[in-house]
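Trainee: Have a look at this one before I ask anything.
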Amino acid sequence: MTEAQTRDLLVELGASLFQRGYCVGSAGNICVRLPDGYLMTPTNSSLGRLRADRISKLDPDWTHIAGDAPSKEVFMHRAVLTARPQAGAVVHLHSTCATAIGCLAQPGCDQPIAALTPYFVMRVGRRLPVIRYYRPGDSAMEAEIHAAAQGASAMILANHGPVVSGKTLTDTVYAAEELEESAKLALMLRGMQARALSADQIDDLLQVYGPPGAG
Ligand SMILES: O=C(O)[C@@H](O)C(=O)COP(=O)(O)O
Ligand SMILES: [Zn+2]
């Protein structure tokens, strides 16, 4: 895919996430790896109204070289993409249900929601670490996110929102959507005797379909 096609896809998928309520206002940000650097959504931009020509471009050292000023969450995206060299994109949202889980679960926990459905395992995986609260944009979050991303393709920032990676931008958006729907299901079933997938069923899915998020 050319850089121009990637920019157009970012605009299209940002708008799609926004129109379906996965993000509101100027919340959330997206980063895509390129052969010669990274594309990142500009700070204070709405994912619903991105402009392809104004998307921020960073060089391989994460220095801003073109477009509008990048998201203040460069550290978050850098932490994930350096920990996961096979990952092609990172999506951060404030999607309501995943964020609610991030307000309920204990930081340090890595299974804040049960694996209720196969697609959760296939898109998000066995582990979903909950990262302790950091102020948005705080560079101090980078080390903890980097460490968590080495063993998980997605995580939830406590009292903030989900951070999801995947092999491609499209895969990453699908995973972020699946995480939000799984979080919704977990909240709907809270306090009920819901049947989660067994360890054997989870192992079977990961063996057949492979780990999500590019390994
Ligand atoms: O929660 C925040 O402030 C950021 O993580 C965010 O979602 C939007 O920040 P920008 O990407 O800098 O607009
Ligand atoms: Zn945020």
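Lettering and numbering for the structure tokens are positional, with chains as A, B, ... in the shown order, residues counted from 1 in each chain, and ligands counted from 1 in the shown order.
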With only C-alpha atoms and all ligand atoms counted and 7 Å as the cut-off, give the residues of chain A in contact with ligand 1, each with its shortest interatomic distance in Å and the pair that gives it, as JSON lines.
Mentor:
{"residue": "A:Ser26", "atom": "CA", "partner": "ligand 1", "partner_atom_place_in_ligand_line": "13 (O)", "distance": 5.7}
{"residue": "A:Ala27", "atom": "CA", "partner": "ligand 1", "partner_atom_place_in_ligand_line": "7 (O)", "distance": 4.1}
{"residue": "A:Gly28", "atom": "CA", "partner": "ligand 1", "partner_atom_place_in_ligand_line": "7 (O)", "distance": 3.5}
{"residue": "A:Asn29", "atom": "CA", "partner": "ligand 1", "partner_atom_place_in_ligand_line": "11 (O)", "distance": 4.6}
{"residue": "A:Thr41", "atom": "CA", "partner": "ligand 1", "partner_atom_place_in_ligand_line": "11 (O)", "distance": 6.6}
{"residue": "A:Pro42", "atom": "CA", "partner": "ligand 1", "partner_atom_place_in_ligand_line": "11 (O)", "distance": 6.2}
{"residue": "A:Thr43", "atom": "CA", "partner": "ligand 1", "partner_atom_place_in_ligand_line": "13 (O)", "distance": 3.6}
{"residue": "A:Asn44", "atom": "CA", "partner": "ligand 1", "partner_atom_place_in_ligand_line": "13 (O)", "distance": 3.6}
{"residue": "A:Ser45", "atom": "CA", "partner": "ligand 1", "partner_atom_place_in_ligand_line": "13 (O)", "distance": 5.7}
{"residue": "A:Pro70", "atom": "CA", "partner": "ligand 1", "partner_atom_place_in_ligand_line": "12 (O)", "distance": 6.9}
{"residue": "A:Ser71", "atom": "CA", "partner": "ligand 1", "partner_atom_place_in_ligand_line": "12 (O)", "distance": 3.6}
{"residue": "A:Lys72", "atom": "CA", "partner": "ligand 1", "partner_atom_place_in_ligand_line": "12 (O)", "distance": 3.9}
{"residue": "A:Glu73", "atom": "CA", "partner": "ligand 1", "partner_atom_place_in_ligand_line": "5 (O)", "distance": 5.8}
{"residue": "A:His92", "atom": "CA", "partner": "ligand 1", "partner_atom_place_in_ligand_line": "7 (O)", "distance": 6.7}
{"residue": "A:Leu93", "atom": "CA", "partner": "ligand 1", "partner_atom_place_in_ligand_line": "7 (O)", "distance": 6.3}
{"residue": "A:His94", "atom": "CA", "partner": "ligand 1", "partner_atom_place_in_ligand_line": "7 (O)", "distance": 6.7}
{"residue": "A:Pro136", "atom": "CA", "partner": "ligand 1", "partner_atom_place_in_ligand_line": "3 (O)", "distance": 4.8}
{"residue": "A:Gly137", "atom": "CA", "partner": "ligand 1", "partner_atom_place_in_ligand_line": "5 (O)", "distance": 6.5}
{"residue": "A:His160", "atom": "CA", "partner": "ligand 1", "partner_atom_place_in_ligand_line": "1 (O)", "distance": 6.5}
Trainee: Generate a file of the selected residues that holds C-alpha atoms, formatted as an mmCIF file, in the first residue's frame.
Mentor:
data_model
loop_
_atom_site.group_PDB
_atom_site.id
_atom_site.type_symbol
_atom_site.label_atom_id
_atom_site.label_comp_id
_atom_site.auth_asym_id
_atom_site.auth_seq_id
_atom_site.Cartn_x
_atom_site.Cartn_y
_atom_site.Cartn_z
ATOM 1 C CA SER A 26 -11.238 14.830 19.463
ATOM 2 C CA ALA A 27 -10.668 11.748 21.617
ATOM 3 C CA GLY A 28 -8.423 8.964 20.414
ATOM 4 C CA ASN A 29 -5.473 8.748 18.083
ATOM 5 C CA THR A 41 -3.310 11.629 13.710
ATOM 6 C CA PRO A 42 -2.772 15.295 14.624
ATOM 7 C CA THR A 43 -3.315 16.443 18.194
ATOM 8 C CA ASN A 44 -6.808 17.811 18.898
ATOM 9 C CA SER A 45 -8.150 16.434 15.636
ATOM 10 C CA PRO A 70 1.135 14.980 16.065
ATOM 11 C CA SER A 71 -0.958 13.522 18.869
ATOM 12 C CA LYS A 72 0.447 14.159 22.314
ATOM 13 C CA GLU A 73 0.476 10.350 22.712
ATOM 14 C CA HIS A 92 -6.145 4.383 20.969
ATOM 15 C CA LEU A 93 -9.796 5.127 21.771
ATOM 16 C CA HIS A 94 -11.929 6.250 24.700
ATOM 17 C CA PRO A 136 -2.478 11.732 28.906
ATOM 18 C CA GLY A 137 0.693 12.601 27.038
ATOM 19 C CA HIS A 160 -8.399 6.402 30.236
#
Trainee: Neighbours of Ser56 of chain A within 8 Å (only C-alpha atoms; same-chain residues fewer than 6 positions away dropped), as a list in words?
Mentor: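 Near neighbours after the sequence-gap exclusion: Leu39, Met40, Thr41, Pro42, His64, Ile65, Ala66, Gly67, Asp68, Ala69 and Pro70 of chain A.
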Trainee: From the list A:Leu179, A:Ala87, A:Leu185, A:Val24, which residue is nearest ligand 2 when using only C-alpha atoms and all ligand atoms?
Mentor: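 Going through A:Leu179, A:Ala87, A:Leu185, A:Val24 one by one, the smallest distance to ligand 2 is for A:Val24.
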Trainee: What does the distance from atom CA of Phe18 of chain A to atom CA of Asp59 of chain A come to in Å, to one decimal?
Mentor: 27.4 Å
Trainee: Restricting the calculation to only C-alpha atoms and all ligand atoms, which member of A:Val74, A:Ala4, A:Ala114, A:Val124 is positioned closest to ligand 2?
Mentor: A:Val74
Trainee: Can you tell me, as a ChimeraX atom specification, what residues are no more than 10 Å from Gly21 of chain A when counting only C-alpha atoms, ignoring any on the same chain fewer than 4 positions away?
Mentor: /A:15-17,48,95-96
Trainee: The selected residues should be written to file as a compact mmCIF listing (two decimals), in the first residue's frame (atoms: N, CA and C atoms).
Mentor:
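Just written: part_35.txt:
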# COMPACT_ATOMS: atom_id res chain seq x y z
N ALA A 15 -13.19 8.01 10.20
CA ALA A 15 -14.59 8.47 10.05
C ALA A 15 -15.56 7.34 10.42
N SER A 16 -15.22 6.13 10.03
CA SER A 16 -16.09 5.00 10.32
C SER A 16 -16.18 4.77 11.83
N LEU A 17 -15.04 4.83 12.52
CA LEU A 17 -15.06 4.66 13.99
C LEU A 17 -15.91 5.76 14.63
N GLY A 48 -13.20 11.73 13.20
CA GLY A 48 -14.31 11.77 12.23
C GLY A 48 -14.06 12.72 11.07
N SER A 95 -13.36 4.47 23.88
CA SER A 95 -14.64 3.79 23.67
C SER A 95 -15.21 3.42 25.05
N THR A 96 -16.51 3.65 25.20
CA THR A 96 -17.12 3.72 26.53
C THR A 96 -16.94 2.46 27.38
Trainee: Using only C-alpha atoms, pick whichever of A:Pro112, A:Gly166, A:Pro107, A:Gly191 has the shortest atom-to-atom distance to Arg126 of chain A.
Mentor: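 For Arg126 of chain A, the nearest of the candidates is A:Pro112.
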Trainee: How many Å lie between atom CA of Pro129 of chain A and atom CA of Ala148 of chain A, rounded to one decimal?
Mentor: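 Atom CA of Pro129 of chain A sits 6.6 Å away from atom CA of Ala148 of chain A.
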Trainee: Report the residues of segment 9-118 of chain A whose backbone DSSP state falls under strand (DSSP E), written as a PyMOL selection string.
Mentor: chain A and resi 29-34+37-40+56-58+64-66+89-92
Trainee: Put those residues in a file: N, CA and C atoms, as a PDB file, in the first residue's frame.
Mentor:
ATOM      1  N   ASN A  29      -6.524   8.478  19.057  1.00  0.00           N
ATOM      2  CA  ASN A  29      -5.473   8.748  18.083  1.00  0.00           C
ATOM      3  C   ASN A  29      -5.018   7.443  17.455  1.00  0.00           C
ATOM      4  N   ILE A  30      -4.425   7.572  16.276  1.00  0.00           N
ATOM      5  CA  ILE A  30      -4.030   6.389  15.501  1.00  0.00           C
ATOM      6  C   ILE A  30      -2.630   6.632  14.943  1.00  0.00           C
ATOM      7  N   CYS A  31      -1.830   5.565  14.929  1.00  0.00           N
ATOM      8  CA  CYS A  31      -0.491   5.643  14.335  1.00  0.00           C
ATOM      9  C   CYS A  31      -0.316   4.459  13.393  1.00  0.00           C
ATOM     10  N   VAL A  32       0.273   4.713  12.234  1.00  0.00           N
ATOM     11  CA  VAL A  32       0.525   3.646  11.255  1.00  0.00           C
ATOM     12  C   VAL A  32       2.005   3.659  10.887  1.00  0.00           C
ATOM     13  N   ARG A  33       2.599   2.478  10.895  1.00  0.00           N
ATOM     14  CA  ARG A  33       4.013   2.362  10.517  1.00  0.00           C
ATOM     15  C   ARG A  33       4.149   2.426   8.993  1.00  0.00           C
ATOM     16  N   LEU A  34       5.114   3.177   8.522  1.00  0.00           N
ATOM     17  CA  LEU A  34       5.440   3.261   7.089  1.00  0.00           C
ATOM     18  C   LEU A  34       6.856   2.732   6.879  1.00  0.00           C
ATOM     19  N   GLY A  37       8.991   5.727   8.212  1.00  0.00           N
ATOM     20  CA  GLY A  37       8.575   6.472   9.401  1.00  0.00           C
ATOM     21  C   GLY A  37       7.176   6.085   9.854  1.00  0.00           C
ATOM     22  N   TYR A  38       6.413   7.078  10.253  1.00  0.00           N
ATOM     23  CA  TYR A  38       5.081   6.824  10.832  1.00  0.00           C
ATOM     24  C   TYR A  38       4.112   7.926  10.417  1.00  0.00           C
ATOM     25  N   LEU A  39       2.853   7.559  10.249  1.00  0.00           N
ATOM     26  CA  LEU A  39       1.769   8.532  10.128  1.00  0.00           C
ATOM     27  C   LEU A  39       1.042   8.558  11.460  1.00  0.00           C
ATOM     28  N   MET A  40       0.675   9.745  11.914  1.00  0.00           N
ATOM     29  CA  MET A  40      -0.041   9.851  13.188  1.00  0.00           C
ATOM     30  C   MET A  40      -1.141  10.895  13.065  1.00  0.00           C
ATOM     31  N   SER A  56      -0.090  13.954  10.466  1.00  0.00           N
ATOM     32  CA  SER A  56       1.306  14.174  10.855  1.00  0.00           C
ATOM     33  C   SER A  56       2.174  13.050  10.314  1.00  0.00           C
ATOM     34  N   LYS A  57       3.367  13.425   9.870  1.00  0.00           N
ATOM     35  CA  LYS A  57       4.349  12.400   9.503  1.00  0.00           C
ATOM     36  C   LYS A  57       5.577  12.545  10.404  1.00  0.00           C
ATOM     37  N   LEU A  58       6.049  11.384  10.900  1.00  0.00           N
ATOM     38  CA  LEU A  58       7.232  11.345  11.759  1.00  0.00           C
ATOM     39  C   LEU A  58       8.285  10.496  11.070  1.00  0.00           C
ATOM     40  N   HIS A  64       8.856  14.769  14.298  1.00  0.00           N
ATOM     41  CA  HIS A  64       7.810  15.303  13.424  1.00  0.00           C
ATOM     42  C   HIS A  64       8.455  15.998  12.220  1.00  0.00           C
ATOM     43  N   ILE A  65       8.080  15.562  11.002  1.00  0.00           N
ATOM     44  CA  ILE A  65       8.708  16.162   9.818  1.00  0.00           C
ATOM     45  C   ILE A  65       7.708  16.792   8.861  1.00  0.00           C
ATOM     46  N   ALA A  66       6.414  16.483   8.985  1.00  0.00           N
ATOM     47  CA  ALA A  66       5.445  17.071   8.041  1.00  0.00           C
ATOM     48  C   ALA A  66       4.036  16.963   8.608  1.00  0.00           C
ATOM     49  N   ALA A  89       0.210  -0.959  13.140  1.00  0.00           N
ATOM     50  CA  ALA A  89      -0.614   0.185  13.538  1.00  0.00           C
ATOM     51  C   ALA A  89      -1.020   0.065  15.001  1.00  0.00           C
ATOM     52  N   VAL A  90      -1.360   1.216  15.576  1.00  0.00           N
ATOM     53  CA  VAL A  90      -1.884   1.290  16.943  1.00  0.00           C
ATOM     54  C   VAL A  90      -3.095   2.210  16.932  1.00  0.00           C
ATOM     55  N   VAL A  91      -4.163   1.766  17.570  1.00  0.00           N
ATOM     56  CA  VAL A  91      -5.375   2.588  17.706  1.00  0.00           C
ATOM     57  C   VAL A  91      -5.638   2.797  19.195  1.00  0.00           C
ATOM     58  N   HIS A  92      -5.761   4.047  19.584  1.00  0.00           N
ATOM     59  CA  HIS A  92      -6.145   4.383  20.969  1.00  0.00           C
ATOM     60  C   HIS A  92      -7.506   5.068  20.919  1.00  0.00           C
TER      61      HIS A  92
END
Trainee: Once DSSP has gone over the backbone, tell me which residues of segment 17-188 of chain A are in alpha helix (DSSP H), as a PyMOL selection string.
Mentor: chain A and resi 17-19+74-83+96-104+118-123+141-149+169-188
Trainee: With distances taken over only C-alpha atoms and all ligand atoms, which residue among A:Leu10, A:Cys97, A:Ala147, A:Leu157 lies nearest ligand 2?
Mentor: A:Leu157
Trainee: Let me make sure I understand: among A:Cys109, A:Arg54, A:Leu116, A:Ala100, which one has the smallest atom-to-atom distance to Arg195 of chain A if we use only C-alpha atoms?
Mentor: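 Looking only at the distances to Arg195 of chain A, the closest residue turns out to be A:Leu116.
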Trainee: Set the distance at 12 Å and use only C-alpha atoms: which residues neighbour Leu13 of chain A once local chain neighbours fewer than 5 positions away are removed? I'd like the list as a CSV table (one decimal) with C-alpha atoms, in the first residue's frame.
Mentor:
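Printed below is result-v4.csv as written:
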chain,number,residue,atom,x,y,z
A,6,THR,CA,-2.6,4.6,3.8
A,7,ARG,CA,-3.5,8.3,4.4
A,8,ASP,CA,-6.8,7.7,2.6
A,18,PHE,CA,-16.4,8.1,14.7
A,19,GLN,CA,-19.7,7.6,12.9
A,20,ARG,CA,-20.4,4.4,14.8
A,22,TYR,CA,-16.3,4.3,19.0
A,23,CYS,CA,-14.9,7.8,19.6
A,29,ASN,CA,-5.5,8.7,18.1
A,30,ILE,CA,-4.0,6.4,15.5
A,41,THR,CA,-3.3,11.6,13.7
A,47,LEU,CA,-11.0,11.0,14.0
A,48,GLY,CA,-14.3,11.8,12.2
A,49,ARG,CA,-12.9,14.6,10.2
A,50,LEU,CA,-9.2,13.8,9.4
A,52,ALA,CA,-5.3,13.2,4.4
A,91,VAL,CA,-5.4,2.6,17.7
A,169,LEU,CA,-4.4,-0.6,10.2
A,170,THR,CA,-7.5,-2.5,9.2
A,171,ASP,CA,-6.8,-5.4,11.5
A,172,THR,CA,-6.1,-3.0,14.3
A,173,VAL,CA,-9.4,-1.2,13.9
A,174,TYR,CA,-11.2,-4.5,13.8
A,176,ALA,CA,-10.3,-2.2,18.7
A,177,GLU,CA,-14.0,-2.7,17.7
Trainee: Which of these, A:Ala140, A:Met155, A:Val163, A:Ile113, has the shortest distance to Ser182 of chain A once you count only C-alpha atoms?
Mentor: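 That would be A:Ile113, the residue with the smallest distance to Ser182 of chain A.
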Trainee: If you measure from atom CA of Val130 of chain A to atom CA of His77 of chain A, what distance in Å do you get, rounded to one decimal?
Mentor: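 Computing the Euclidean distance for atom CA of Val130 of chain A and atom CA of His77 of chain A yields 16.1 Å.
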